[in-house]
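S.K.: Mind having a look at this structure? Questions to follow.
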Amino acid sequence: MKIFEELQQRQLIAQITNEQEVRELINGGKAKFYIGFDPTADSLHVGHFMALCLMKRLQMAGNKPIVLIGGGTGHVGDPSGRSDMRSMMSEEVIEHNCECFKKQMERFIEFGNDKAIMVNNADWLLKLNYIELLRDVGACFSVNNMLRAECYKQRMEKGLSFLEFNYMIMQAYDFYYLNSHYDCNLQFGGDDQWSNMLAGSDLIRKKTGRDAHSMTITLLMNSQGKKMGKTASGAVWLDKNKTSVYDFYQYWRNVEDADVLKCIRMLTFLPLEQIEQMEKWQGVELNKAKEILAYELTALVHGTDEAEKAQAAAKALFVSGSDDENMPSTKISSDENEISILDVLVECKLCASRGEAKRLIQQGGISIEEQKISSSDYKLTKDMLNKGVKIKKGKKIFHKVYC
């Protein structure tokens with residue numbers, strides 16, 4: 001099966017500007033394509049994971065990726081899918097985040113001569129003259145069309161800053177620049193980026209008369225329609241210092257039954273024939289599918305050795321809760337002789353807030369050393385923390401706290 005057809009079978013393709021031309025490009029290994037990553041944090045997260053896997057699939061099929069780090073667009077912030085304006089980042093923070101992204105991407109993409117390249121749009125966007133940009137690029141955009149774009153619609157009532165309004169123009173200019181300087185002929189992104197991406201294809205056509213194509217991939221949603229990769233305490237990060245390898249493994253091990261085969265199809269590199277057999281699995285067999293999903297994705301991000309450790313720890317903890325060596329742990333710093341369990345649950349990121357922690361305790365969802373606690377007034381003593389305290393959340397999540 002050729003790569004375009006495989007992407008279809010994996011249900012990754014959402015929208016496309018010219019299916020036949022794009023099919024010929026990527027099946028023939030002639031696509032020089034880019035995906036952009038704005039450095040909004042010091043680590044990539046699961047939301048970026050599908051894009052990285054897509055780049056890997058396309059590179060394996062002979063196409064050439066251009067990884068675009070948004071050191072320039074990061075100064076503005078993409079309004080797509082947001083209800084408020086992003087916090088402004090300093091240049092130092094943006095540069096630091098870009099460096100962190102580069103190191104993580106090397107696990108997925110092969111860089112080097114005649115392979116993948118990495119560029120930073122700060123190299124051209126920060127040098128633009130405002131008046132020249134308005135005359136040269138701004139004249140190609142219809143404000144009416146921009147206001148109809150989904151990425152702006154949802155913000156119109158709550159307020160859209162003029163700064164964010166320019167994001168579409170900057171993203172379109174990126175594609176135009178890459179097309180002019182690197183022969184980039186195709187751009188990919190999430191299906192929430194469709195308006196911005198079409199703007200780039202249109203700009204190239206108006207400025208050069210050449211065709212360049214856009215294609216979006218289906219955002220990975222859970223069965224309730226929420227983006228995958230979110231937990232009560234925030235995003236699931238690819239940096240093991242922000243999300244431990246065990247927690248990363250457990251996130252995928254605990255996906256809903258309705259989502260597991262969808263995740264396997266869209267994110268893993270298992271053969272489609274094997275996945276089709278797995279789609280017949282039901283009941284207890286779905287637990288095996290979840291283990292396969294968790295292992296495959298953990299191996300992709302952290303390597304097979306770490307994936308095997310996480311899998312072994314998860315099995316040991318599930319059976320007896322006794323594997324302290326690989327159990328996620330948090331050091332609690334406090335001068336007090338007693339610490340509220342609510343504060344501890346928030347500190348070790350088992351709950352996002354004290355209110356959530358209180359509700360979880362009231363529902364019987366927290367155990368200390370295998371003993372369920374019923375009061376949110378429960379406190380851990382300094383003596384207990386010196387020895388190390390094992391907390392169990394629900395049936396499957398274990399965490400050790402100590403001081």
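Quick note on naming: the chains in the structure tokens go A, B, ... in the order shown, residues restart at 1 in each chain, and ligands are numbered from 1 in order of appearance.
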Give me, as a PyMOL selection string, all polymer residues having an atom no more than 12 Å from A:Ser353, counting only C-alpha atoms and skipping those fewer than 6 positions away in the same chain.

M.R.: chain A and resi 232-234+341-347+359-360

S.K.: Would you please work out which residue, of A:His45, A:Lys230, A:Lys127, A:Lys153, is nearest to A:Cys100 when using only C-alpha atoms?

M.R.: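 With only C-alpha atoms as the atom set, the closest residue is A:His45.
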
S.K.: Any idea what's packed within 12 Å of A:Pro271, counting only C-alpha atoms, ignoring anything in its chain fewer than 4 positions away? Could you give it as a ChimeraX atom specification?

M.R.: /A:1,6,9-10,264-267,275-278

S.K.: Report the distance between atom CA of A:Phe248 and atom CA of A:Ala310 in Å, rounded to one decimal place.

M.R.: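 Answer for the atom CA of A:Phe248 to atom CA of A:Ala310 separation: 8.8 Å.
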
S.K.: With distances taken over only C-alpha atoms, which residue among A:Leu186, A:Ile131, A:Ser43, A:Asp202 lies nearest A:Lys30?

M.R.: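 Among the listed residues, A:Leu186 lies closest to A:Lys30.
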
S.K.: Which residues are near stretch 212-227 of chain A? Cut-off 10 Å, only C-alpha atoms, ignore same chain within fewer than 5 positions. Put them as a short mmCIF file (atom, residue, chain, number, x, y, z; two decimals) with C-alpha atoms, in the first residue's frame.

M.R.:
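Saved as part14.cif:
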data_model
loop_
_atom_site.label_atom_id
_atom_site.label_comp_id
_atom_site.auth_asym_id
_atom_site.auth_seq_id
_atom_site.Cartn_x
_atom_site.Cartn_y
_atom_site.Cartn_z
CA LEU A 7 -2.86 7.74 5.56
CA GLN A 11 -8.07 7.92 9.05
CA LEU A 12 -5.52 10.71 9.26
CA ILE A 13 -6.57 12.89 6.31
CA ALA A 14 -9.17 15.55 7.09
CA GLN A 15 -9.04 18.16 4.30
CA ILE A 16 -6.95 18.62 1.19
CA THR A 17 -6.68 21.22 -1.58
CA ASN A 18 -6.19 18.91 -4.56
CA GLU A 19 -6.33 15.24 -3.71
CA GLU A 21 -1.96 16.14 -7.13
CA VAL A 22 -1.10 15.60 -3.47
CA ALA A 31 6.77 16.22 -1.55
CA PHE A 33 6.55 19.53 3.02
CA TYR A 34 6.51 21.49 6.22
CA VAL A 46 0.94 14.78 22.93
CA GLY A 47 -0.85 17.38 20.81
CA PHE A 49 2.76 13.79 18.63
CA MET A 50 0.51 13.03 15.67
CA ALA A 51 2.28 15.63 13.53
CA LEU A 54 3.07 11.97 10.24
CA PHE A 175 4.56 28.98 3.38
CA TYR A 176 5.32 31.58 0.72
CA ASN A 179 8.13 27.81 -1.22
CA ASP A 183 10.95 24.66 -2.95
CA CYS A 184 8.40 23.62 -0.33
CA ASN A 185 5.28 22.41 -2.17
CA LEU A 186 3.04 21.06 0.59
CA GLN A 187 2.05 22.02 4.12
CA PHE A 188 0.43 19.89 6.82
CA GLY A 189 -1.35 20.81 10.02
CA GLY A 190 -4.23 19.97 12.31
CA ASP A 191 -7.71 20.42 10.90
CA ASP A 192 -8.19 23.48 13.14
CA GLN A 193 -5.57 25.18 10.94
CA TRP A 194 -7.43 24.88 7.64
CA ASN A 196 -4.59 29.62 7.92
CA MET A 197 -3.25 26.96 5.58
CA LEU A 198 -5.54 27.87 2.71
CA ALA A 199 -4.32 31.46 3.09
CA GLY A 200 -0.76 30.25 2.49
CA SER A 201 -1.68 28.30 -0.65
CA ASP A 202 -3.64 31.29 -1.98
CA LEU A 203 -0.78 33.68 -1.28
CA ILE A 204 1.71 31.54 -3.23
CA ARG A 205 -0.71 31.32 -6.16
CA VAL A 255 -7.62 5.45 27.42
CA GLU A 256 -11.30 4.64 27.05
CA ASP A 257 -12.28 1.38 25.34
CA ALA A 258 -13.93 3.37 22.56
CA ASP A 259 -10.65 5.19 21.78
CA VAL A 260 -7.96 2.52 21.96
CA LYS A 262 -8.51 4.67 16.99
CA CYS A 263 -5.27 5.64 18.76
CA MET A 266 -3.59 6.82 13.96
CA LEU A 267 -0.45 6.89 16.11
#

S.K.: Residues near stretch 89-93 of chain A, anyone? I mean within 10 Å using only C-alpha atoms, not counting same-chain ones fewer than 2 positions away, as a list of chain:residue names.

M.R.: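 Residues near the query, excluding close chain neighbours: A:Pro39, A:Thr40, A:Ala41, A:Asp42, A:Gly71, A:Gly72, A:Gly74, A:His75, A:Val76, A:Gly77, A:Arg86, A:Ser87, A:Glu95, A:His96, A:Asn97, A:Cys98.
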
S.K.: Write the selection just made, keeping N, CA and C atoms, as a tab-separated table (two decimals), in the first residue's frame?

M.R.:
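Listed below is the output, result-v3.tsv:
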chain	number	residue	atom	x	y	z
A	39	PRO	N	6.73	27.50	19.70
A	39	PRO	CA	7.37	27.12	20.96
A	39	PRO	C	6.67	27.72	22.17
A	40	THR	N	5.46	27.27	22.45
A	40	THR	CA	4.67	27.84	23.54
A	40	THR	C	5.06	27.28	24.91
A	41	ALA	N	5.92	26.26	24.95
A	41	ALA	CA	6.40	25.68	26.21
A	41	ALA	C	7.80	25.12	25.95
A	42	ASP	N	8.42	24.60	27.01
A	42	ASP	CA	9.78	24.08	26.87
A	42	ASP	C	9.79	22.59	26.55
A	71	GLY	N	9.82	30.53	15.99
A	71	GLY	CA	10.46	31.56	16.81
A	71	GLY	C	9.93	32.95	16.53
A	72	GLY	N	9.36	33.15	15.32
A	72	GLY	CA	8.76	34.44	14.97
A	72	GLY	C	7.29	34.49	15.31
A	74	GLY	N	5.81	32.76	17.37
A	74	GLY	CA	5.68	32.63	18.82
A	74	GLY	C	5.58	33.97	19.52
A	75	HIS	N	6.04	35.04	18.86
A	75	HIS	CA	5.90	36.39	19.42
A	75	HIS	C	4.46	36.88	19.37
A	76	VAL	N	3.64	36.23	18.52
A	76	VAL	CA	2.24	36.67	18.35
A	76	VAL	C	1.28	35.72	19.04
A	77	GLY	N	1.35	34.43	18.69
A	77	GLY	CA	0.46	33.44	19.29
A	77	GLY	C	-0.73	33.15	18.40
A	86	ARG	N	-3.03	34.33	24.34
A	86	ARG	CA	-1.90	33.67	24.99
A	86	ARG	C	-1.07	34.70	25.76
A	87	SER	N	-0.40	34.24	26.80
A	87	SER	CA	0.54	35.10	27.52
A	87	SER	C	1.73	35.42	26.62
A	95	GLU	N	13.47	31.49	22.60
A	95	GLU	CA	14.69	30.84	22.11
A	95	GLU	C	14.98	29.56	22.89
A	96	HIS	N	14.78	29.60	24.21
A	96	HIS	CA	14.99	28.41	25.03
A	96	HIS	C	14.04	27.29	24.61
A	97	ASN	N	12.76	27.63	24.41
A	97	ASN	CA	11.77	26.63	24.01
A	97	ASN	C	12.10	26.03	22.65
A	98	CYS	N	12.58	26.86	21.74
A	98	CYS	CA	12.96	26.36	20.41
A	98	CYS	C	14.07	25.32	20.51

S.K.: Using only C-alpha atoms, find the one residue out of A:Asp136, A:Ile66, A:Gln282, A:Leu125 that sits nearest to A:Phe111.

M.R.: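 Between A:Asp136, A:Ile66, A:Gln282, A:Leu125, the residue approaching A:Phe111 most closely is A:Ile66.
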
S.K.: List every residue of stretch 69-308 of chain A that DSSP, applied to the backbone of this structure, places in alpha helix (DSSP H), and write the result as a count of residues only.

M.R.: 121

S.K.: What's the 10 Å shell around A:Cys53, counting only C-alpha atoms, without same-chain residues fewer than 3 positions away, as a list in words?

M.R.: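 Surrounding residues, per the criterion: His48, Phe49, Met50, Lys56, Arg57, Leu58, Gln59, Phe108, Ile109, Met266, Leu267, Thr268, Phe269 and Leu300 of chain A.
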
S.K.: Measuring between only C-alpha atoms, which one of A:Ile391, A:Ile292, A:Ile368, A:Leu270 shows the shortest distance to A:Ser329?

M.R.: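 Selected residue with least distance to A:Ser329: A:Ile391.
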
S.K.: Between A:Tyr249, A:Lys387, A:Gln8, A:Ser195, which is the closest to A:Ala172 once you count only C-alpha atoms?

M.R.: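 Under the stated criterion, the closest residue is A:Ser195.
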
S.K.: Rank nothing, just name the residue among A:Gln362, A:Gln371, A:Asn337, A:Gln250 nearest to A:Asp383, using only C-alpha atoms.

M.R.: A:Asn337

S.K.: To one decimal place in Å, what is the distance between atom CA of A:Glu356 and atom CA of A:Asp239?

M.R.: 25.5 Å

S.K.: What are the DSSP strand (DSSP E) residues of stretch 305-356 of chain A, as a PDB file with N, CA and C atoms, in the first residue's frame?

M.R.:
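Output below, filename selection_30.pdb:
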ATOM      1  N   SER A 329       7.254   9.342  41.754  1.00  0.00           N
ATOM      2  CA  SER A 329       7.397   9.882  43.104  1.00  0.00           C
ATOM      3  C   SER A 329       7.602  11.389  43.071  1.00  0.00           C
ATOM      4  N   THR A 330       7.283  12.031  44.179  1.00  0.00           N
ATOM      5  CA  THR A 330       7.442  13.475  44.321  1.00  0.00           C
ATOM      6  C   THR A 330       8.027  13.773  45.692  1.00  0.00           C
ATOM      7  N   LYS A 331       9.045  14.632  45.696  1.00  0.00           N
ATOM      8  CA  LYS A 331       9.621  15.079  46.960  1.00  0.00           C
ATOM      9  C   LYS A 331       8.855  16.300  47.443  1.00  0.00           C
ATOM     10  N   GLU A 338       2.953  18.648  59.805  1.00  0.00           N
ATOM     11  CA  GLU A 338       1.836  17.972  59.155  1.00  0.00           C
ATOM     12  C   GLU A 338       1.485  18.697  57.857  1.00  0.00           C
ATOM     13  N   ILE A 339       1.126  17.938  56.848  1.00  0.00           N
ATOM     14  CA  ILE A 339       0.785  18.511  55.543  1.00  0.00           C
ATOM     15  C   ILE A 339      -0.566  17.971  55.103  1.00  0.00           C
ATOM     16  N   SER A 340      -1.446  18.862  54.657  1.00  0.00           N
ATOM     17  CA  SER A 340      -2.778  18.466  54.216  1.00  0.00           C
ATOM     18  C   SER A 340      -2.704  17.536  53.014  1.00  0.00           C
TER      19      SER A 340
END

S.K.: Quick one: distance from atom CA of A:Gly159 to atom CA of A:Gln171 in Å, one decimal?

M.R.: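 Spanning atom CA of A:Gly159 to atom CA of A:Gln171 is a straight-line distance of 20.8 Å.
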
S.K.: Applying 12 Å and only C-alpha atoms, which residues near A:Asn113 remain after dropping the ones on its own chain fewer than 4 positions away? List them as an mmCIF file with C-alpha atoms, in the first residue's frame.

M.R.:
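Saved file around-v2.cif follows:
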data_model
loop_
_atom_site.group_PDB
_atom_site.id
_atom_site.type_symbol
_atom_site.label_atom_id
_atom_site.label_comp_id
_atom_site.auth_asym_id
_atom_site.auth_seq_id
_atom_site.Cartn_x
_atom_site.Cartn_y
_atom_site.Cartn_z
ATOM 1 C CA LYS A 64 11.494 15.471 2.613
ATOM 2 C CA ILE A 117 15.923 20.254 7.596
ATOM 3 C CA MET A 118 14.905 22.512 10.458
#
